[in-house]
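Notes to accompany the following structure.
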Amino acid sequence: MRGKYAFCVAVLCLGLGASVFAQDPTKVDSKHYTIVSENAYSRIVKAHYGAHEKSVMHSHPDLVAVFLTDGKVKFTFPDGKTEERPVKAGEAMFTPATVHLPENVGDQPFDVILVEFKGKAAKAPAKPAAKAAPKAEEKKK
């Protein structure tokens, strides 16, 4: 009994570990992901999926996606939940860091450019609130 319990715990930990430590898509799925450019601040990645092609579970930091083609993409998350999103060529959207398995569920090839951000996002310094100009009635007083 104790051996079965230990085995089940080990399998569970390995399964969770794989999703928690999902990997760089350009390393685990070079068929679909190619690095276009990279510097200390960002990395630009092109993704190309043929009709009905699927990736493997992987992760991304915060990024901006720029869709080059219309398409319908299905995302499967580590907890098993799924989400389908239609996208249009020319649209762009910010996506926070994520772990997912994408799949092109459309009948046409799908292309997207991903601009991944490195490091913590820089916060803009807070600006003091500007004082409102006095109204004409207040000036007369």
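Chain labels follow the order of the structure tokens: the first chain is A, the next B, and so on; residue numbering restarts at 1 in every chain, and ligands are counted from 1 in their shown order.
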* To do: Would you list, as an MDAnalysis selection string, the residues of stretch 63-123 of chain A that end up in strand (DSSP E or B) under DSSP run on this structure's backbone?
  => chainID A and resid 63:67 71:76 82:87 92:95 98:104 110:117
Go ahead and dump the residues you just picked, C-alpha atoms, as a short mmCIF file (atom, residue, chain, number, x, y, z; two decimals), in the first residue's frame.
data_model
loop_
_atom_site.label_atom_id
_atom_site.label_comp_id
_atom_site.auth_asym_id
_atom_site.auth_seq_id
_atom_site.Cartn_x
_atom_site.Cartn_y
_atom_site.Cartn_z
CA LEU A 63 4.36 39.51 -24.83
CA VAL A 64 2.59 41.33 -27.62
CA ALA A 65 1.16 39.12 -30.38
CA VAL A 66 0.72 40.58 -33.88
CA PHE A 67 -1.42 38.31 -36.04
CA GLY A 71 -7.35 32.16 -37.77
CA LYS A 72 -8.91 30.25 -34.95
CA VAL A 73 -6.58 29.09 -32.20
CA LYS A 74 -7.33 26.71 -29.33
CA PHE A 75 -5.24 26.97 -26.15
CA THR A 76 -5.03 24.12 -23.65
CA THR A 82 -9.27 25.11 -23.00
CA GLU A 83 -10.07 28.37 -24.73
CA GLU A 84 -10.69 29.06 -28.42
CA ARG A 85 -9.98 32.49 -29.86
CA PRO A 86 -10.71 33.79 -33.35
CA VAL A 87 -8.09 36.29 -34.54
CA ALA A 92 -2.33 43.00 -31.95
CA MET A 93 -2.82 42.12 -28.30
CA PHE A 94 -0.89 42.03 -25.03
CA THR A 95 -0.75 38.67 -23.27
CA THR A 98 1.48 32.04 -19.63
CA VAL A 99 1.91 28.30 -20.01
CA HIS A 100 -0.17 26.71 -22.76
CA LEU A 101 -0.43 24.29 -25.66
CA PRO A 102 -1.69 26.09 -28.78
CA GLU A 103 -3.43 24.42 -31.70
CA ASN A 104 -4.52 25.85 -35.04
CA PHE A 110 -1.77 30.50 -39.18
CA ASP A 111 1.08 33.01 -38.64
CA VAL A 112 1.83 35.32 -35.72
CA ILE A 113 4.75 37.47 -34.55
CA LEU A 114 5.40 37.40 -30.78
CA VAL A 115 7.36 40.23 -29.14
CA GLU A 116 8.40 38.75 -25.79
CA PHE A 117 9.58 41.08 -23.03
#
* To do: Please give the complete set of residues from stretch 8-108 of chain A that DSSP, run on the backbone, assigns to helix (DSSP H, G or I), formatted as a list in words.
  =>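 DSSP on the backbone gives helix (DSSP H, G or I) at Cys8, Val9, Ala10, Val11, Leu12, Cys13, Leu14, Gly15, Leu16, Gly17, Ala18, Ser19, Val20, Pro25, Thr26, Lys27 and Val28 of chain A.
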Selection above as a file: N, CA and C atoms, as a CSV table (one decimal), in the first residue's frame:
chain,number,residue,atom,x,y,z
A,8,CYS,N,2.2,7.0,-6.7
A,8,CYS,CA,1.2,8.0,-7.2
A,8,CYS,C,1.7,9.4,-6.9
A,9,VAL,N,2.3,9.6,-5.8
A,9,VAL,CA,2.8,10.9,-5.4
A,9,VAL,C,3.9,11.3,-6.4
A,10,ALA,N,4.8,10.4,-6.7
A,10,ALA,CA,5.9,10.7,-7.7
A,10,ALA,C,5.4,11.0,-9.0
A,11,VAL,N,4.4,10.3,-9.5
A,11,VAL,CA,3.8,10.6,-10.8
A,11,VAL,C,3.1,11.9,-10.8
A,12,LEU,N,2.4,12.2,-9.8
A,12,LEU,CA,1.7,13.5,-9.7
A,12,LEU,C,2.8,14.7,-9.7
A,13,CYS,N,3.8,14.5,-8.9
A,13,CYS,CA,4.9,15.6,-8.9
A,13,CYS,C,5.5,15.7,-10.2
A,14,LEU,N,5.8,14.7,-10.9
A,14,LEU,CA,6.4,14.8,-12.3
A,14,LEU,C,5.5,15.5,-13.2
A,15,GLY,N,4.2,15.1,-13.2
A,15,GLY,CA,3.2,15.7,-14.1
A,15,GLY,C,3.1,17.2,-13.8
A,16,LEU,N,3.0,17.6,-12.5
A,16,LEU,CA,2.9,19.0,-12.2
A,16,LEU,C,4.2,19.8,-12.5
A,17,GLY,N,5.3,19.1,-12.3
A,17,GLY,CA,6.6,19.7,-12.6
A,17,GLY,C,6.7,20.1,-14.0
A,18,ALA,N,6.2,19.2,-14.9
A,18,ALA,CA,6.3,19.4,-16.3
A,18,ALA,C,5.5,20.7,-16.7
A,19,SER,N,4.4,20.9,-16.1
A,19,SER,CA,3.6,22.0,-16.5
A,19,SER,C,4.1,23.3,-15.9
A,20,VAL,N,4.6,23.2,-14.6
A,20,VAL,CA,5.1,24.4,-13.9
A,20,VAL,C,6.4,24.9,-14.6
A,25,PRO,N,9.4,27.8,-26.3
A,25,PRO,CA,8.8,27.1,-27.5
A,25,PRO,C,9.8,27.0,-28.6
A,26,THR,N,10.8,27.9,-28.7
A,26,THR,CA,11.8,27.8,-29.8
A,26,THR,C,12.7,26.5,-29.6
A,27,LYS,N,12.8,26.0,-28.3
A,27,LYS,CA,13.6,24.9,-28.1
A,27,LYS,C,12.8,23.6,-28.1
A,28,VAL,N,11.6,23.6,-27.6
A,28,VAL,CA,10.8,22.4,-27.6
A,28,VAL,C,9.9,22.2,-28.8
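Minimum atom-to-atom distances from A:Val105, A:Ile35, A:Ala22, A:Ala89 to A:His52 were compared using only C-alpha atoms, and the lowest value belongs to A:Val105.
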* To do: For atom CA of A:Lys118 and atom CA of A:Asp62, determine how far apart the two atoms are, in Å to one decimal place.
  =>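 Atom CA of A:Asp62 lies 8.0 Å from atom CA of A:Lys118.
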* **For A:His60, the nearest of the candidates A:Lys31, A:Lys46, A:Phe77, A:Asp24, counting only C-alpha atoms** => A:Asp24
